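What follows is the content of target32.txt (compact mmCIF, C-alpha atoms).
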# COMPACT_ATOMS: atom_id res chain seq x y z
CA MET A 1 154.09 92.91 87.47
CA ASP A 2 153.56 93.53 91.17
CA HIS A 3 150.27 92.08 92.51
CA GLU A 4 149.12 95.31 94.26
CA LYS A 5 149.88 97.36 91.17
CA ALA A 6 148.01 94.88 88.97
CA LYS A 7 144.90 95.11 91.14
CA THR A 8 144.69 98.89 90.66
CA LEU A 9 144.98 98.60 86.88
CA LEU A 10 142.04 96.27 86.30
CA SER A 11 139.49 99.05 85.69
CA ASP A 12 141.81 100.84 83.29
CA TYR A 13 142.38 97.54 81.53
CA LEU A 14 138.63 97.09 81.02
CA ASP A 15 138.30 100.70 79.82
CA GLY A 16 141.14 100.27 77.32
CA GLU A 17 143.11 103.01 79.04
CA LEU A 18 146.45 101.19 79.32
CA ASP A 19 149.49 101.30 77.06
CA LYS A 20 150.31 98.16 75.07
CA GLN A 21 153.29 97.24 77.20
CA VAL A 22 151.33 97.62 80.45
CA VAL A 23 148.56 95.48 78.98
CA LEU A 24 151.08 92.72 78.16
CA ASP A 25 152.57 92.86 81.67
CA LEU A 26 149.12 92.80 83.27
CA GLU A 27 147.92 89.90 81.15
CA GLU A 28 151.02 87.99 82.06
CA HIS A 29 150.27 88.59 85.74
CA LEU A 30 146.62 87.61 85.27
CA SER A 31 147.65 84.29 83.76
CA ARG A 32 149.22 83.26 87.06
CA CYS A 33 147.21 85.19 89.69
CA SER A 34 143.82 83.69 90.51
CA GLU A 35 142.86 86.59 92.83
CA CYS A 36 143.36 89.22 90.11
CA SER A 37 141.66 87.04 87.47
CA SER A 38 138.71 86.53 89.75
CA MET A 39 138.47 90.28 90.46
CA LEU A 40 138.70 91.03 86.75
CA ALA A 41 135.90 88.55 86.05
CA SER A 42 133.60 90.09 88.64
CA LEU A 43 134.33 93.62 87.36
CA GLN A 44 133.64 92.46 83.80
CA GLN A 45 130.39 90.87 84.90
CA LEU A 46 129.39 94.00 86.80
CA LEU A 47 130.13 96.36 83.92
CA GLY A 48 128.35 94.05 81.51
CA VAL A 49 125.18 94.48 83.55
CA VAL A 50 125.60 98.14 84.54
CA ARG A 51 126.28 99.34 81.02
CA LYS A 52 123.11 97.68 79.78
CA ILE A 53 120.92 99.88 82.00
CA PRO A 54 118.87 102.09 79.67
CA PRO A 55 118.94 105.88 80.00
CA VAL A 56 116.42 107.46 82.35
CA ARG A 57 113.37 109.06 80.78
CA VAL A 58 112.20 112.34 82.18
CA PRO A 59 108.66 112.36 83.69
CA GLU A 60 105.78 113.56 81.56
CA ASN A 61 105.13 117.32 81.51
CA PHE A 62 108.59 118.03 82.90
CA ALA A 63 109.31 120.71 80.30
CA ARG A 64 105.97 122.37 80.99
CA LYS A 65 106.68 122.42 84.73
CA VAL A 66 110.09 124.02 84.16
CA ARG A 67 108.55 126.65 81.87
CA ARG A 68 105.88 127.41 84.45
CA ARG A 69 108.53 127.76 87.14
CA ALA A 70 110.60 129.98 84.89
CA TYR A 71 107.67 132.30 84.34
CA LYS A 72 106.77 132.24 88.02
CA THR A 73 110.28 133.25 88.97
CA GLY A 74 110.05 136.09 86.47
CA LEU A 75 112.76 134.69 84.24
CA PHE A 76 111.18 136.09 81.08
CA GLY A 77 109.86 139.55 80.44
CA LYS A 78 106.38 140.04 79.01
CA ALA A 79 107.67 140.75 75.50
CA GLY A 80 109.68 137.55 75.43
CA ALA A 81 106.75 135.62 76.75
CA ARG A 82 104.52 136.70 73.88
CA SER A 83 106.97 135.56 71.27
CA THR A 84 106.56 131.85 71.85
CA GLN A 85 104.03 129.06 72.04
CA SER A 86 105.21 128.39 75.57
CA MET A 87 103.18 131.44 76.49
CA THR A 88 100.10 129.20 76.57
CA VAL A 89 100.47 128.46 80.25
CA PRO A 90 101.04 132.01 81.57
CA PHE A 91 98.51 133.38 79.10
CA VAL A 92 95.92 130.91 80.32
CA GLY A 93 96.84 131.96 83.84
CA MET A 94 96.38 135.62 82.97
CA TRP A 95 93.01 135.03 81.30
CA ALA A 96 91.92 132.87 84.20
CA THR A 97 92.75 135.70 86.61
CA TRP A 98 90.86 138.28 84.56
CA GLY A 99 87.95 135.86 84.13
CA MET A 100 87.76 135.22 87.85
CA MET A 101 87.81 138.95 88.57
CA LEU A 102 85.02 139.49 86.04
CA VAL A 103 82.88 136.71 87.52
CA LEU A 104 83.48 138.06 91.04
CA GLY A 105 82.46 141.55 89.90
CA LEU A 106 79.28 140.20 88.30
CA VAL A 107 78.40 138.25 91.43
CA LEU A 108 78.88 141.37 93.56
CA ILE A 109 76.68 143.42 91.21
CA ILE A 110 73.96 140.73 91.23
CA VAL A 111 74.03 140.53 95.03
CA PHE A 112 73.89 144.31 95.34
CA VAL A 113 70.99 144.62 92.89
CA ALA A 114 69.10 141.77 94.52
CA GLN A 115 69.54 143.31 97.96
CA HIS A 116 68.47 146.69 96.70
CA GLN A 117 65.39 145.29 94.97
CA MET A 118 64.33 143.34 97.99
CA ASN A 119 65.09 146.25 100.31
CA MET A 120 66.72 143.80 102.58
CA PHE A 121 69.58 144.36 104.98
CA THR A 122 70.18 141.62 107.42
CA SER A 123 72.30 140.89 110.44
CA GLN A 124 72.01 138.05 112.94
CA GLY A 125 68.27 137.23 112.94
CA GLN A 126 67.30 140.81 112.02
CA PHE A 127 65.52 141.71 108.79
CA VAL A 128 64.52 145.12 107.56
CA LEU A 129 61.84 145.46 104.91
CA THR A 130 61.65 148.98 103.58
CA GLU A 131 59.37 150.79 101.16
CA LEU A 132 56.34 148.74 102.19
CA SER A 133 52.97 150.03 101.03
CA PRO A 134 50.35 150.83 103.71
CA ALA A 135 48.36 147.77 102.52
CA GLN A 136 51.38 145.46 102.87
CA LEU A 137 52.16 146.87 106.29
CA HIS A 138 48.59 146.43 107.40
CA THR A 139 48.45 142.81 106.23
CA LEU A 140 51.74 141.96 107.98
CA GLU A 141 50.57 143.57 111.19
CA SER A 142 47.13 141.91 111.18
CA GLN A 143 48.62 138.45 110.48
CA ALA A 144 51.16 138.94 113.27
CA ARG A 145 48.35 139.96 115.66
CA GLU A 146 46.27 136.90 114.71
CA LEU A 147 49.25 134.67 115.43
CA ASP A 148 49.84 136.55 118.67
CA PHE A 149 53.36 137.70 117.81
CA HIS A 150 54.89 140.52 119.81
CA ILE A 151 54.50 143.84 117.92
CA SER A 152 56.10 147.14 118.87
CA PRO A 153 56.34 150.56 117.19
CA THR A 154 59.58 151.91 115.70
CA ARG A 155 61.46 154.75 117.39
CA ILE A 156 60.11 157.19 114.78
CA PRO A 157 56.31 157.44 115.16
CA ASN A 158 54.29 156.24 112.13
CA ARG A 159 57.45 155.05 110.39
CA GLY A 160 56.54 151.36 110.71
CA LEU A 161 56.65 148.59 113.24
CA ILE A 162 58.70 145.72 114.59
CA ILE A 163 57.38 142.15 114.65
CA LEU A 164 59.14 139.42 116.63
CA VAL A 165 58.53 136.02 115.01
CA PRO A 166 59.46 132.95 117.04
CA ARG A 167 61.66 130.72 114.90
CA ASN A 168 59.41 127.69 115.38
CA ARG A 169 56.43 129.63 113.98
CA TRP A 170 58.17 131.01 110.91
CA THR A 171 56.64 128.36 108.60
CA GLN A 172 53.15 129.26 109.78
CA PHE A 173 53.79 132.99 109.29
CA ARG A 174 55.28 132.36 105.83
CA ARG A 175 52.19 130.38 104.81
CA ARG A 176 49.99 133.30 105.84
CA LEU A 177 52.11 135.78 103.86
CA LYS A 178 51.71 133.57 100.79
CA GLU A 179 47.97 133.36 101.25
CA HIS A 180 47.70 137.16 101.49
CA GLY A 181 49.70 137.93 98.38
CA LEU A 182 52.98 138.87 100.13
CA LYS A 183 54.92 135.96 98.64
CA GLU A 184 57.57 138.31 97.19
CA LEU A 185 58.65 139.38 100.67
CA ILE A 186 59.50 135.87 101.80
CA PRO A 187 62.86 135.45 99.99
CA ALA A 188 64.07 138.61 101.69
CA ILE A 189 63.67 136.96 105.08
CA ALA A 190 65.95 134.04 105.66
CA PRO A 191 64.62 131.71 108.32
CA ALA A 192 67.50 132.70 110.59
CA ALA A 193 66.82 133.62 114.17
CA ASP A 194 68.93 135.28 116.85
CA LYS A 195 70.36 133.35 119.80
CA ALA A 196 67.01 133.46 121.56
CA GLY A 197 65.28 131.91 118.51
CA ILE A 198 63.48 135.10 117.49
CA ILE A 199 63.30 136.58 113.96
CA HIS A 200 63.18 140.40 114.20
CA LEU A 201 61.27 142.02 111.36
CA LEU A 202 61.59 145.78 111.10
CA LEU A 203 58.91 146.92 108.68
CA LEU A 204 59.21 150.44 107.28
CA LYS A 205 56.62 152.30 105.29
CA ALA A 206 57.37 153.73 101.87
CA SER A 207 58.42 157.35 102.24
CA ASP A 208 55.65 159.82 101.51
CA GLY A 209 57.75 161.91 99.21
CA MET B 1 119.25 106.09 71.04
CA THR B 2 118.76 109.66 69.89
CA VAL B 3 121.53 110.71 72.24
CA TYR B 4 123.98 108.26 70.75
CA LEU B 5 123.04 109.25 67.19
CA PHE B 6 123.51 112.86 68.16
CA GLU B 7 126.91 112.14 69.68
CA THR B 8 128.03 110.16 66.63
CA TYR B 9 126.83 112.94 64.38
CA SER B 10 128.63 115.51 66.49
CA LEU B 11 131.87 113.58 66.14
CA LEU B 12 131.48 113.41 62.36
CA VAL B 13 130.36 116.97 61.77
CA GLY B 14 131.50 118.71 64.91
CA TYR B 15 131.55 122.17 63.33
CA GLU B 16 127.86 122.11 62.44
CA ILE B 17 126.85 120.97 65.89
CA SER B 18 129.05 123.48 67.66
CA ARG B 19 127.65 126.22 65.41
CA ASP B 20 124.14 125.17 66.42
CA GLU B 21 125.25 125.17 70.02
CA THR B 22 126.71 128.65 69.63
CA GLU B 23 123.43 129.86 68.17
CA LEU B 24 121.52 128.27 71.02
CA VAL B 25 123.82 129.84 73.60
CA ASP B 26 123.49 133.24 71.93
CA ALA B 27 119.71 132.94 71.92
CA LEU B 28 119.77 131.93 75.58
CA LYS B 29 121.95 134.92 76.38
CA ARG B 30 119.38 137.13 74.67
CA GLY B 31 116.78 135.61 77.03
CA GLU B 32 114.67 134.01 74.31
CA PRO B 33 112.02 131.68 75.75
CA LYS B 34 112.14 129.49 72.63
CA ALA B 35 115.83 128.82 73.19
CA PHE B 36 115.07 127.90 76.78
CA GLU B 37 112.52 125.42 75.51
CA GLN B 38 115.03 123.92 73.10
CA LEU B 39 117.58 123.66 75.89
CA ILE B 40 115.13 121.76 78.09
CA LYS B 41 114.14 119.40 75.30
CA SER B 42 117.69 118.51 74.39
CA HIS B 43 119.05 118.06 77.92
CA GLN B 44 116.12 117.11 80.14
CA ASP B 45 116.67 113.33 80.09
CA ARG B 46 120.32 113.54 81.03
CA VAL B 47 119.88 116.22 83.68
CA TYR B 48 116.97 114.40 85.26
CA GLY B 49 118.80 111.07 84.92
CA LEU B 50 121.85 112.33 86.77
CA CYS B 51 119.68 113.86 89.50
CA LEU B 52 117.65 110.68 89.88
CA ARG B 53 120.68 108.44 90.07
CA MET B 54 122.47 110.70 92.50
CA LEU B 55 119.47 111.25 94.79
CA SER B 56 117.48 108.02 94.33
CA SER B 57 114.22 109.90 94.71
CA SER B 58 112.09 110.81 91.71
CA THR B 59 110.42 113.71 93.54
CA GLU B 60 113.72 115.22 94.66
CA ALA B 61 115.21 114.58 91.23
CA GLU B 62 112.41 116.31 89.36
CA ASP B 63 112.51 119.30 91.66
CA LEU B 64 116.28 119.56 91.43
CA ALA B 65 116.32 119.12 87.64
CA GLN B 66 113.93 122.06 87.38
CA ASP B 67 116.30 124.10 89.57
CA VAL B 68 119.16 123.16 87.28
CA PHE B 69 117.45 124.54 84.18
CA ILE B 70 116.52 127.76 85.95
CA THR B 71 120.14 128.13 87.10
CA VAL B 72 121.45 127.37 83.61
CA PHE B 73 119.25 130.02 82.11
CA LYS B 74 120.12 132.57 84.79
CA SER B 75 123.85 131.98 84.55
CA ILE B 76 124.21 131.37 80.82
CA GLY B 77 126.07 134.68 80.70
CA ASN B 78 128.94 132.96 82.52
CA PHE B 79 129.25 130.21 79.90
CA ARG B 80 132.43 130.90 77.94
CA ALA B 81 132.27 127.98 75.50
CA GLU B 82 135.50 126.54 76.89
CA SER B 83 133.70 123.21 77.11
CA ARG B 84 130.61 121.74 75.48
CA LEU B 85 127.34 123.17 76.70
CA SER B 86 126.26 119.69 77.83
CA THR B 87 129.40 119.33 79.97
CA TRP B 88 128.78 122.72 81.54
CA ILE B 89 125.17 121.73 82.29
CA TYR B 90 126.39 118.45 83.77
CA ARG B 91 128.76 120.39 86.03
CA ILE B 92 125.88 122.54 87.28
CA THR B 93 123.72 119.44 87.76
CA ARG B 94 126.46 117.66 89.67
CA ASN B 95 126.99 120.66 91.97
CA HIS B 96 123.25 120.96 92.57
CA CYS B 97 123.11 117.25 93.41
CA LEU B 98 125.97 117.44 95.90
CA ASN B 99 124.42 120.48 97.57
CA ARG B 100 121.04 118.78 97.79
CA ILE B 101 122.62 115.64 99.23
CA LYS B 102 124.34 117.78 101.87
CA PHE B 103 121.04 119.45 102.66
CA LEU B 104 119.21 116.13 102.89
CA LYS B 105 121.93 114.75 105.14
CA ARG B 106 121.65 117.74 107.46
CA ARG B 107 117.89 117.32 107.51
CA ALA B 108 118.27 113.60 108.19
CA ALA B 109 120.70 114.44 111.01
CA GLY B 110 118.13 116.86 112.40
CA LYS B 111 115.62 114.04 112.47
CA LYS B 112 118.27 111.82 114.09
CA ILE B 113 118.30 109.31 111.25
CA PRO B 114 121.80 107.81 111.29
CA LEU B 115 122.80 108.24 107.67
CA ASP B 116 126.13 106.45 107.83
CA ALA B 117 124.56 103.60 109.70
CA ALA B 118 121.94 103.42 106.99
CA ARG B 119 124.56 103.32 104.28
CA ASN B 120 126.44 100.51 105.97
CA LEU B 121 123.43 98.29 106.40
CA ASN B 122 124.23 94.67 105.80
CA TRP B 123 122.41 92.49 103.33
CA SER B 124 119.79 91.33 105.75
CA ASP B 125 118.48 94.81 106.41
CA GLN B 126 115.21 95.61 104.76
CA GLN B 127 114.86 99.37 104.31
CA THR B 128 116.06 102.70 105.53
CA ASN B 129 114.20 105.95 105.88
CA ASP B 130 117.18 107.74 104.54
CA PRO B 131 116.37 110.34 101.92
CA VAL B 132 119.57 109.74 99.96
CA VAL B 133 120.36 106.11 100.42
CA SER B 134 117.53 104.04 99.15
CA ARG B 135 116.35 100.56 100.05
CA VAL B 136 118.66 97.62 100.46
CA TYR B 137 117.18 94.27 99.66
CA ARG B 138 118.13 90.76 100.57
CA PRO B 139 119.30 88.49 97.77
CA ASP B 140 116.29 86.25 98.23
CA ARG B 141 114.14 89.17 97.15
CA LEU B 142 115.32 88.41 93.64
CA ALA B 143 112.98 85.46 93.65
CA GLU B 144 110.15 87.87 94.39
CA GLY B 145 110.55 89.55 91.05
CA MET B 146 113.04 92.36 91.72
CA GLN B 147 114.62 93.50 88.51
CA MET B 148 118.38 93.44 88.23
CA GLU B 149 118.30 97.04 87.05
CA GLU B 150 116.55 98.18 90.20
CA ILE B 151 118.98 96.26 92.37
CA ILE B 152 121.98 97.84 90.69
CA GLN B 153 120.52 101.30 91.05
CA GLU B 154 119.86 100.65 94.70
CA GLN B 155 123.39 99.40 95.27
CA ILE B 156 124.83 102.40 93.42
CA ALA B 157 122.78 104.60 95.74
CA CYS B 158 124.53 102.94 98.66
CA LEU B 159 127.96 104.08 97.47
CA GLY B 160 129.45 107.26 98.90
CA GLU B 161 128.75 110.35 96.77
CA ASP B 162 132.31 110.61 95.48
CA HIS B 163 132.20 107.00 94.29
CA ARG B 164 128.60 107.12 93.15
CA GLU B 165 129.02 110.13 90.88
CA LEU B 166 131.93 108.51 89.04
CA VAL B 167 130.11 105.23 88.44
CA ILE B 168 127.11 107.20 87.17
CA LEU B 169 129.08 109.52 84.92
CA ARG B 170 131.36 106.86 83.50
CA ASP B 171 129.35 103.63 83.43
CA LEU B 172 125.77 104.85 83.18
CA GLU B 173 126.13 108.14 81.33
CA HIS B 174 129.08 106.83 79.26
CA LEU B 175 131.10 110.04 79.53
CA SER B 176 134.79 110.15 78.67
CA TYR B 177 137.43 110.68 81.35
CA GLU B 178 138.06 114.14 79.91
CA GLU B 179 134.42 115.11 80.28
CA ILE B 180 134.33 113.73 83.82
CA GLN B 181 137.45 115.74 84.56
CA GLU B 182 135.74 118.92 83.37
CA ILE B 183 132.57 118.18 85.29
CA THR B 184 134.15 117.19 88.61
CA GLY B 185 137.30 119.26 88.44
CA LEU B 186 139.27 116.21 89.64
CA PRO B 187 142.63 115.14 88.16
CA LYS B 188 142.40 112.21 85.77
CA GLY B 189 144.50 109.98 88.04
CA THR B 190 142.18 110.60 90.98
CA ILE B 191 139.14 109.85 88.82
CA LYS B 192 140.66 106.56 87.65
CA SER B 193 141.69 105.31 91.06
CA ARG B 194 138.46 106.42 92.71
CA LEU B 195 136.37 104.86 89.95
CA HIS B 196 138.28 101.61 90.34
CA ARG B 197 137.57 101.52 94.09
CA ALA B 198 133.92 102.37 93.41
CA ARG B 199 133.60 99.51 90.93
CA VAL B 200 135.27 97.06 93.28
CA GLU B 201 132.90 98.07 96.07
CA LEU B 202 129.90 97.83 93.76
CA ALA B 203 131.03 94.42 92.52
CA ARG B 204 131.30 93.27 96.14
CA ARG B 205 127.80 94.53 96.87
CA MET B 206 126.43 92.96 93.71
CA ALA B 207 128.19 89.63 94.18
CA PRO B 208 125.20 87.85 95.78
CA TYR B 209 123.03 88.84 92.83
CA LEU B 210 125.51 88.32 90.02
CA SER B 211 126.68 84.87 91.05
CA ASP B 212 123.63 83.30 89.37
CA GLU B 213 123.92 85.40 86.24
Target encoding structure tokens, full file:
Amino acid sequence: MDHEKAKTLLSDYLDGELDKQVVLDLEEHLSRCSECSSMLASLQQLLGVVRKIPPVRVPENFARKVRRRAYKTGLFGKAGARSTQSMTVPFVGMWATWGMMLVLGLVLIIVFVAQHQMNMFTSQGQFVLTELSPAQLHTLESQARELDFHISPTRIPNRGLIILVPRNRWTQFRRRLKEHGLKELIPAIAPAADKAGIIHLLLLKASDG
Amino acid sequence: MTVYLFETYSLLVGYEISRDETELVDALKRGEPKAFEQLIKSHQDRVYGLCLRMLSSSTEAEDLAQDVFITVFKSIGNFRAESRLSTWIYRITRNHCLNRIKFLKRRAAGKKIPLDAARNLNWSDQQTNDPVVSRVYRPDRLAEGMQMEEIIQEQIACLGEDHRELVILRDLEHLSYEEIQEITGLPKGTIKSRLHRARVELARRMAPYLSDE
């Protein structure tokens, strides 16, 4: 057999893909050609090692990831999704969404109720306390005067007053409110001041009606 | 092991297996999620394995294998049972791999990483940043505990795609020439000659490691 031809047949020889006669011719050539024998040996050695490599194992949770992707891409309709255990993931997702919406709704309601109860509406350093009783208003005003805070009337006469509390004296003012039984008003006023460091308190009387 | 038992069983009782396969295909065509699950379970190792060996990146392989299953499910209507389902899935996997390799090459070119230069690194080179061709180690790294299996996989990754896919399909996945023909669409003669050249090249690359074997 021709040397070049023999070289190309070595893989087929190892795979058992050659006819009997071709095998005999090739083996005869191999018996006298060191180059082909050497190449055959190295191919045999290579295949011996390569074919021993174990199959690859898929990473953990692969199937779950594919299912999730399938649902995300809308591969299954809702009816199909309900008919199998694999619904766990999208179902959990759906419940999680509804749960989050419910929690968000509850938080909003709580915030709204709390704001309403405290009669508090704030912006940057500005706090409005509404529905104050004449006694509460009087106490706030007298304490502010004692501490020498700036006090001014509201635009509507007899509707209430505005007290400007310097940020660095808020703790002192808060202590006085506590001492005079106005502790419940304190949470409604966050110790936040405007850029000039002033807390604006707009105090409004309870409506007469 | 399970795979081999399954294959042996399929050879002995081919009708039963093909009937099961027909039922699975029918269920997939009806869009049943349970069938999809069964399909993943029975083919995930081989699909992922082919992706991993073609791309040499576990992240890319996992992502691509997921794509393959989505594609299989979407295009199951085109499956005409002219070949085994597994062969058809292999064909889709192989095409996905080649497309991804092309994409990664283009991206590598965009980043000015010389892919061909990376592939032709000599033995003394340490690593490449190439997304397709993985690391190339020096023979003396063997002494540092490199496993032969890892070295072979790395050297296979250094082969050109047309050579690499044949070594993987034939010598690692143990597919017959007929199956490889169906998957690649290449004539049997081309597969044989190309595989032979691939093995010779791989043997040359592995020579420094195998000489002590």
Considering only C-alpha atoms, extract the chain B residues located within 6 Å of chain A and return them as a JSON list (two decimals) with C-alpha atoms, keeping the file's coordinate frame.
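That gives us result-v7.json:
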[["chain", "number", "residue", "atom", "x", "y", "z"],
["B", 45, "ASP", "CA", 116.67, 113.33, 80.09],
["B", 49, "GLY", "CA", 118.80, 111.07, 84.92],
["B", 66, "GLN", "CA", 113.93, 122.06, 87.38],
["B", 171, "ASP", "CA", 129.35, 103.63, 83.43],
["B", 172, "LEU", "CA", 125.77, 104.85, 83.18],
["B", 196, "HIS", "CA", 138.28, 101.61, 90.34],
["B", 203, "ALA", "CA", 131.03, 94.42, 92.52]]
Exercise. Find the distance between CA of Glu4 in chain A and CA of Gly160 in chain B and write it in Å to one decimal.
Key: 23.5 Å
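Counting all atoms listed in the file and comparing A:Ile110, A:Ala192, A:Leu201, A:His180, the residue that lies closest to Ile151 in chain A is A:Leu201.
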Practice problem: Quick one: pull the distance between CA of Ala27 in chain B and CA of Ala81 in chain B, Å, one decimal. | Solution: 14.0 Å
Practice problem: Could you please determine the separation between CA of Ser42 in chain B and CA of Ser83 in chain B in Å, to one decimal place? | Solution: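 Answer for the CA of Ser42 in chain B to CA of Ser83 in chain B separation: 16.9 Å.
Each of B:Arg53, B:Glu165, B:Thr22, B:Pro208 was checked against Ala35 in chain B using only C-alpha atoms; the smallest atom-to-atom distance is that of B:Thr22.
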Exercise. Rank nothing, just name the residue among A:Leu164, A:Ala135, A:Ala196, A:Ala188 nearest to Asp148 in chain A, using only C-alpha atoms.
Key: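 Using only C-alpha atoms, the shortest distance to Asp148 in chain A belongs to A:Leu164.
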